[in-house]
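Worksheet: the structure to be examined is printed underneath.
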Amino acid sequence: METAPKPGRDVPPKKDKLQTKRKKPRRYWEEETVPTRDGASPGPPCNKKNRELRPQRRKNAHILKKSRISKKPQVPKKPREWKNPESQRSLSGAQDPFPGPAPVPVEVVQKFCRIDKSRKLPRSKAKTRSRLEVAEAEEEETSIKAARSELLLAEEPGFLEGEDGEDTAKICQADIVEAVDITSAAKHFDLNLRQFGPYRLNYSRTGRHLAFGGRRGHVAALDWVTKKLMCEINVMEAVRDIRFLHSEALLAVAQNRWLHIYDNQGIELHCIRRCDRVTRLEFLPFHFLLATASETGFLTYLDVSVGKIVAALNARAGRLDVMSQNPYNAVIHLGHSNGTVSLWSPAMKEPLAKILCHRGGVRAVAVDSTGTYMATSGLDHQLKIFDLRGTYQPLSTRTLPHGAGHLAFSQRGLLVAGMGDVVNIWAGQGKASPPSLEQPYLTHRLSGPVHGLQFCPFEDVLGVGHSGGITSMLVPGAGEPNFDGLESNPYRSRKQRQEWEVKALLEKVPAELICLDPRALAKVDVISLEQGKKERIERLGYDPEAKAPFQPKPKQKGRSSTASLVKRKRKVMDEEHRDKVRQSLQQQQQQQQHKEVKAKSTGARPSALDRFVR
Amino acid sequence: MTANRLAESLLALSQQEELVDLPKDYLLSGSEDEGDNDGEREHQKLLEAISSLDGKNRRKLAERSEASLKVSEFNVSSEGSGEKLVLADLLEPVKTSSSLATVKKQLNRVKSKKTVELPLNKEEIERARTPLEQEIFNLLHKNKQPVADPLLTPVEKASLQAMSLEEAKMRRAELQRARALQSYYEAKARREKKIKSKKYHKVVKKGKAKKALKEFEQLRKVNPAAALEELEKIEKARMMERMSLKHQNSGKWAKSKAIMAKYDLEARQAMQEQLAKNKELTQKLQVASESEEEEGGTEEVEELLVPDVVNEVQMNADGPNPWMLRSCTSDTKEAATQEDPEQLPEPEAHEVSESEGEERPVAEEEILLREFEERRSLRKRSELSQDAEPAGSQETKDSSSQEVLSELRVLAQKLKENDQSRKQKATSKGTIPQVQREEPAPEEEEPLLLQRPERVQTLEELEELGKEECFQNKELPRPVLEGQQSERTPNNRPDAPKEKKKKEQMIDLQNLLTTQSPSVKSLAVPTIEELEDEEERNQRQMIKEAFAGDDVIRDFLKEKREAVEASKPKDVDLTLPGWGEWGGVGLKPSAKKRRRFLIKAPEGPPRKDKNLPNVIINEKRNIHTAAHQVRVLPYPFTHHWQFERTIQIPIGSTWNTQRAFQKLTTPKVVTKPGHIINPIKAEDVGYRSSSRSDLSVIQRNPKRITTRHKKQLKKSSVD
C-alpha cells in the first residue's frame, strides 16, 4: 500500500473521462483534429484543448518563443497506435477502420503493475492457482486502464535547453523572465524584507500559498500567485521554522520557546508547550503528523487531527537542526553532528537505519519525491547523493567550494543547494534519474545568504528565503505539470477544500504504519503466522496441514492382498526417497558449480604452495 | 706407615681413637683379607638373608635401645648390622679363581712387605728451593700448619698433648652420661608414642603449641632474626598442611562421621571442629610488625637504588600518550645506568651475571655476595637511624620498593642455590663466619617475597614490558593515521592491502568517506564579506574543529558492532556452579561442564547491513505495523507468498481509474432494488433424493457427478 500517490500517475475524475469518451468518435471522423494526432503540432492548440477538458487547469508556464528555450516536442508514440489516416478516408463511414480496443504501449502498462513476479511460488493447488490467475488478470486489467488514462495527462514539463552547447547555468533569471509569457513572468519576484532577518518559507501542498517567517518574528502568509496577503503578524519572538499544516488554513510556527499554531487570519489557535525549543518542522500530510525536531534532541510527532502527541523519540545525538521527510514512506531523516543521518518512524524508539554520510557534521538533508535518492551535505564541503533503495550507498559525490547549507528536491527531481548567497540547481536526465552533479542546471545569486529553500509544488518555481527577504525564481522543469484535482488542487474553492479535508481525514493513515517499506501492509506477518501454526499444532496435538502418509486404496479381485498392499506402499516410499536423493544431488552440484565459479573468479593465479593449504 | 705411627701414639693417649677413626678403619680393611673369621661371618649373614626371605622375620636393623657402655661417640656400633663396605670387597670377583689366587697372595705379600725407607732429610723437606715455595712455607709456618704431615696441625698436636689422662677420663664420662640421657629420653619418647589415648596426645600437642608460641613471642623480643627463622618454619608447616589432606574431612574417620553427622550432633561438631582446625592451620600468618618495620627501612634505603622512573613507565604505558613512552623507557635506562654507579659499586657485573644465567664461576658469586653484604650494611645503618619510625609507614610503600625487593629476591635465590656448595667449602676452608653472616639475609626476605606473585624482576624486563605496551599502543591509533593519510593521498588508496575482512570493511568505509570528489565549477561563487585568505583559514579552522574531537568512522564502527552484538540471539547457559564439583566464591565451573550445558542459540538470518559498512539497519520487528498485517492464511493458500500476490494490487480509487476501482469493488451479488428474493428451498441445494432433483443438481454443477449419482442415473434410465 502506498501512502503517497504519485501525482503523475493519478487519474483524473470520472467526469473528465466521460467527456473524453464522448468526444472520442469525433476525433476519428473530424478532419481538423487528425493533424494534431500526428504529433507535429505545436503546443498552443494542445493547451487549448486541455482547457476545454479541464476548465480550472492552469496554463502551463513555459511556452517560450526564444530559440534556446523551446517546448519539448511530443513523444511520437501515438502515431504507433493510430494507423495511417489516409486508409480511413478511403473506407466508408459504416466500417470501423480500427477494430478492437486501442493498443497500449507495454512500458506504460508495466509502470502500473504492482505484483512482484520475481519470486517463484511453490507448487500450488488448482484452487489456489485459479485465485492467483484471477489476481493477475485483475492487475493487468487495472494497469491497462491506468495506462490508457495516461493520455489525459496532457501537460508537459517545461525545460531549458542551451543553444548548441551553451551552458544553461549562464542563463540568468532576467533572460528567462524575458522569454516566458506574462503569467509565468509574474511568478518571478523578490520581496525585500531586510528588517526581520533571514527568512524560512513554506509552500502549501497545493502550491498556491506561501508562508514565511523571519528570524526576528515576522510571520506572513499569502496567496503568492495573486500576491494577496492572508495575514501578517509579528510574533515578537525568534521564529525558527514555519510550516503549513494539511491545508493553507493552518500554520505551525516554531518560535523561540514553544510551537504555535496560527490560522490564515494570523490568530493564534494553539500554543503547544510540549514541543519546546523546536528548530525544524515537517508535516506528513497523509498521517496528519507534525514532526518537530528540538534543541533538546527530541523528535516529537504531533497528530494535528486529534491534537495528541503520538511519539516523542530521543535521538540521543544532541541538538537536532537538520530534518527532512521522505515523501515516499513518511520516514523522517535527521542529520547529526557526527556525520550520520538517522531514519525515524514514530512506531520505533530507535532509528530504523543509520547512515554514515560525512566525516564532519551533516548540514542539510533532502529526499526526492520518489523516495529513491537522498542528498546530503556536510561540514566537509561535500555534497552526496545516496541511493535509498536498500543499499544506502553514495551514487555521486561532489566537493563544493563552500559546502551547501540547504538542500531541496523538486517534484521532478531537480536538486537545489544553497551555498552562502548562491543557489545552484542540478538536473538529471528524465524523472527517475538522480541529478547529475557535473554541471549545474541553473545558478542564481541572491542579495543575502540563503536560509530556506523550497520548490513550489506543481509550479516551475523555486522559493528562496534569505536574509534580504524572499526570492521566487523560475526554474523550468522543476514542478510536476499534471496535478490531481481531487488530491491537491491549486484552483480549489473554499468549499472544495472543506470537502477534501473531510475525505483526507477519513483516509488518514495511522502513524504506526510508517516504516521503511510502505508496501509492508501487503505482506503477511510471517512470524505471527508461524507462531499461530505452532500453537495450533500444540493445541490439537497433531499437525492438520501435514501430508498424510500414503494409504493404498483397497482393490478388488484379490489384488488387495497384504503383500500387494505392502508392495504398493513400498513403491510410493521408494519414489519419494528417490525424489529426495535427486534433489540433494542437484543441490550439491549447484553448490559445487557455485564454488568453482567463485574460485575461478577470486583466485587470480594458484600458487604451487596451495596444495598444502587445508 | 704414618697410620701405624699414629696408632701407636693413639694407644699411648688411651682410647682417643675417634680422632683417627678413619685411618684406623682403612688399616683394618686393608688387612681384612687375611682374617679367617670373616668367611664365617659372611656365611652367617647369607644364611640370615635367606631365612629372612620368607618375609616373616625380616632382618631388622640393629638398634640400640639402651644405654651401653660400648658406644662410640661418632658412629653406632657396627655389631650385628654387618660391616662397613669396603671398596676392595666390591672389586673382588665373586668366585676367586684358583689360578690367580697364588699370584695374588704373592702380590699381597709383596705389598705388605715393608720397604726399607730412606730416612728423609728433614732439612731437605723444609728446604725451600724456589721463591714461591719459600713463600708458601712461610705462610704455612706463620699459620702453624703442618708442612710434612698433613693430618695433625701442631695446634692439634699440642691440644692432644695438653689433655691429661684425668681430663680425658672425665670427658669420656661426661659423654657417656650424655649418651645415656639421650637414650633415656628416646626410650621415654617411644613409650609415650605408644600410648593410644587420643585425648592424651591432643593435650600434649596443644601444650606444645602453646609453649612454642610463647617461646616464639619471647624470641621475637629478644632475637628478631631467629624469630624470623621460626616464622619461616611456621610458614613451611602451613604449606605442608595445605598440601596434605589432613583435617579436610576426607579421611576414613571423617567420612564415617559425615554419615553420622546427619543424626548425631556430636559427630557434626567433631567435623566442624576439624574443619575449623584446618582453617586455623592453613590461615596465613600475619607477618610480625617488627620485621616489617625493618623491611620498610630497607626499602626506603633501596628506593634510592632504583630510580622512580620505573613506576612512571608503567603508569605511562596505560596512559593516553603512547608517543612519549619510547623516550621515557630510554630515559629510565639511562637514568638507571647513570644512577647505579653512584650507589652500586659494580652494577655492570651484577647485571651481566643476571642475564647470562647460572654458569657463572664462583668469582661472580663472590661479587654478588659482596654486593649483598654492602647492601646489608647500608640497611643496618639505616635501621639504626630510623628505628624510631612508626610501623605505619610500611603501608605507604610504593611499587618501586617492591621492584627492588623482587630484584633482591633474585639475588636471594641465586645465593640459595649456591648455598650448599658454599657451606661445604666453608667447612673445609674454615671460612664459616662469612657464610653465617650471609645466610640470614635471604631468609629474612623470603616470607614476604614468597607471597608475592609474578612481578617484573629486573630493569631489563621492565624495559621489555614497556616496549611491548608501546607497540600495542602504537597499533591502536593506526586507523586514525590511515585516515589522515588517506585524506592526504587518496590516489594510494586502491593499493590498500587486502588482509582481513574486518580491515577491509574499515578501509572500505574510509574509502567511502574520503574519496576525493571532483569539485563543482560554479559560475557564481558565493561572496563572503571577509577576505579570501582569512575566510579560507576560517573554514579550515572550522573543519578542523569539527574533526578534532571525534573520529567519526571509528565511533560509527563501534556503534555498529554494538548493534550487531545486541541483535544477536543470546546463548543460554544452564550450568549450575558448584553442582558436582567444588563451588564457592571465585570458583568457576569447568570449561567442559560449561560447554556441555550451553545451549547455543540458532544463528539468525544474515543482517541486512552485513555488506554495508556505512549503514546500521535496525533489525527489530515493528510490532505496531505487524498488528495491521495479515497473520492467518485464508483457505486455499498454503504459502504466504501465494496470498501476498493476491493482495498486492491496491483497490482504492486513489490508485486506480474510476472504472477499475468500480470493477474491483463490485459486490459478488448485485440486486436490483425492488426485486423479490425468494428464500432458499431444500430442492435448490439438492437434498431431495428424487430423480428430478438429482438431475437438477447435476445440471447445476456438472463437475460433481459422483459415482452414486451415476448409479442413480443409470437406475432411473433403466426404469
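Residues in the C-alpha cells are numbered from 1 in each chain, the chains being A, B, ... in the order shown, and ligands are numbered from 1 in the order shown.
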Please identify every residue of chain A that has at least one atom no more than 6 Å from any atom of chain B, counting only C-alpha atoms, and report them as a PyMOL selection string.
chain A and resi 11+14+114-115+128+135+142+146+352-356+360+397-400+420-422+512-513+521-525+528-529
All helix (DSSP H, G or I) residues (DSSP, backbone) inside stretch 392-586 of chain A, as a ChimeraX atom specification
/A:494-506,511-513,518-522,526-540,562-586
Residue with the minimum atom-to-atom distance to A:Ser204, picked from A:Pro285, A:Pro101, A:Pro401, A:Gly335 with only C-alpha atoms counted, is A:Pro285
In terms of the shortest atom-to-atom distance over only C-alpha atoms, which of A:Thr300, A:Gln325, A:Gln255, A:Gln593 is closest to A:Glu282?
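So, comparing all the options, the nearest one is A:Gln325.
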Might you pull out every residue within 6 Å of stretch 340-351 of chain A, with only C-alpha atoms counted and same-chain residues fewer than 6 positions away left off, and present them as a PDB file with C-alpha atoms, in the first residue's frame?
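Final file, selection.pdb:
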ATOM      1  CA  ALA A 311       5.567   9.767  19.932  1.00  0.00           C
ATOM      2  CA  VAL A 331      10.094   8.479   7.304  1.00  0.00           C
ATOM      3  CA  ILE A 332      11.860  11.409   8.920  1.00  0.00           C
ATOM      4  CA  HIS A 333      15.547  11.870   8.167  1.00  0.00           C
ATOM      5  CA  LEU A 334      17.628  13.595  10.796  1.00  0.00           C
ATOM      6  CA  CYS A 357      27.423  10.091   5.302  1.00  0.00           C
ATOM      7  CA  GLU A 512       2.238   3.306  13.385  1.00  0.00           C
ATOM      8  CA  ILE A 514       5.173   4.380   8.968  1.00  0.00           C
TER       9      ILE A 514
END
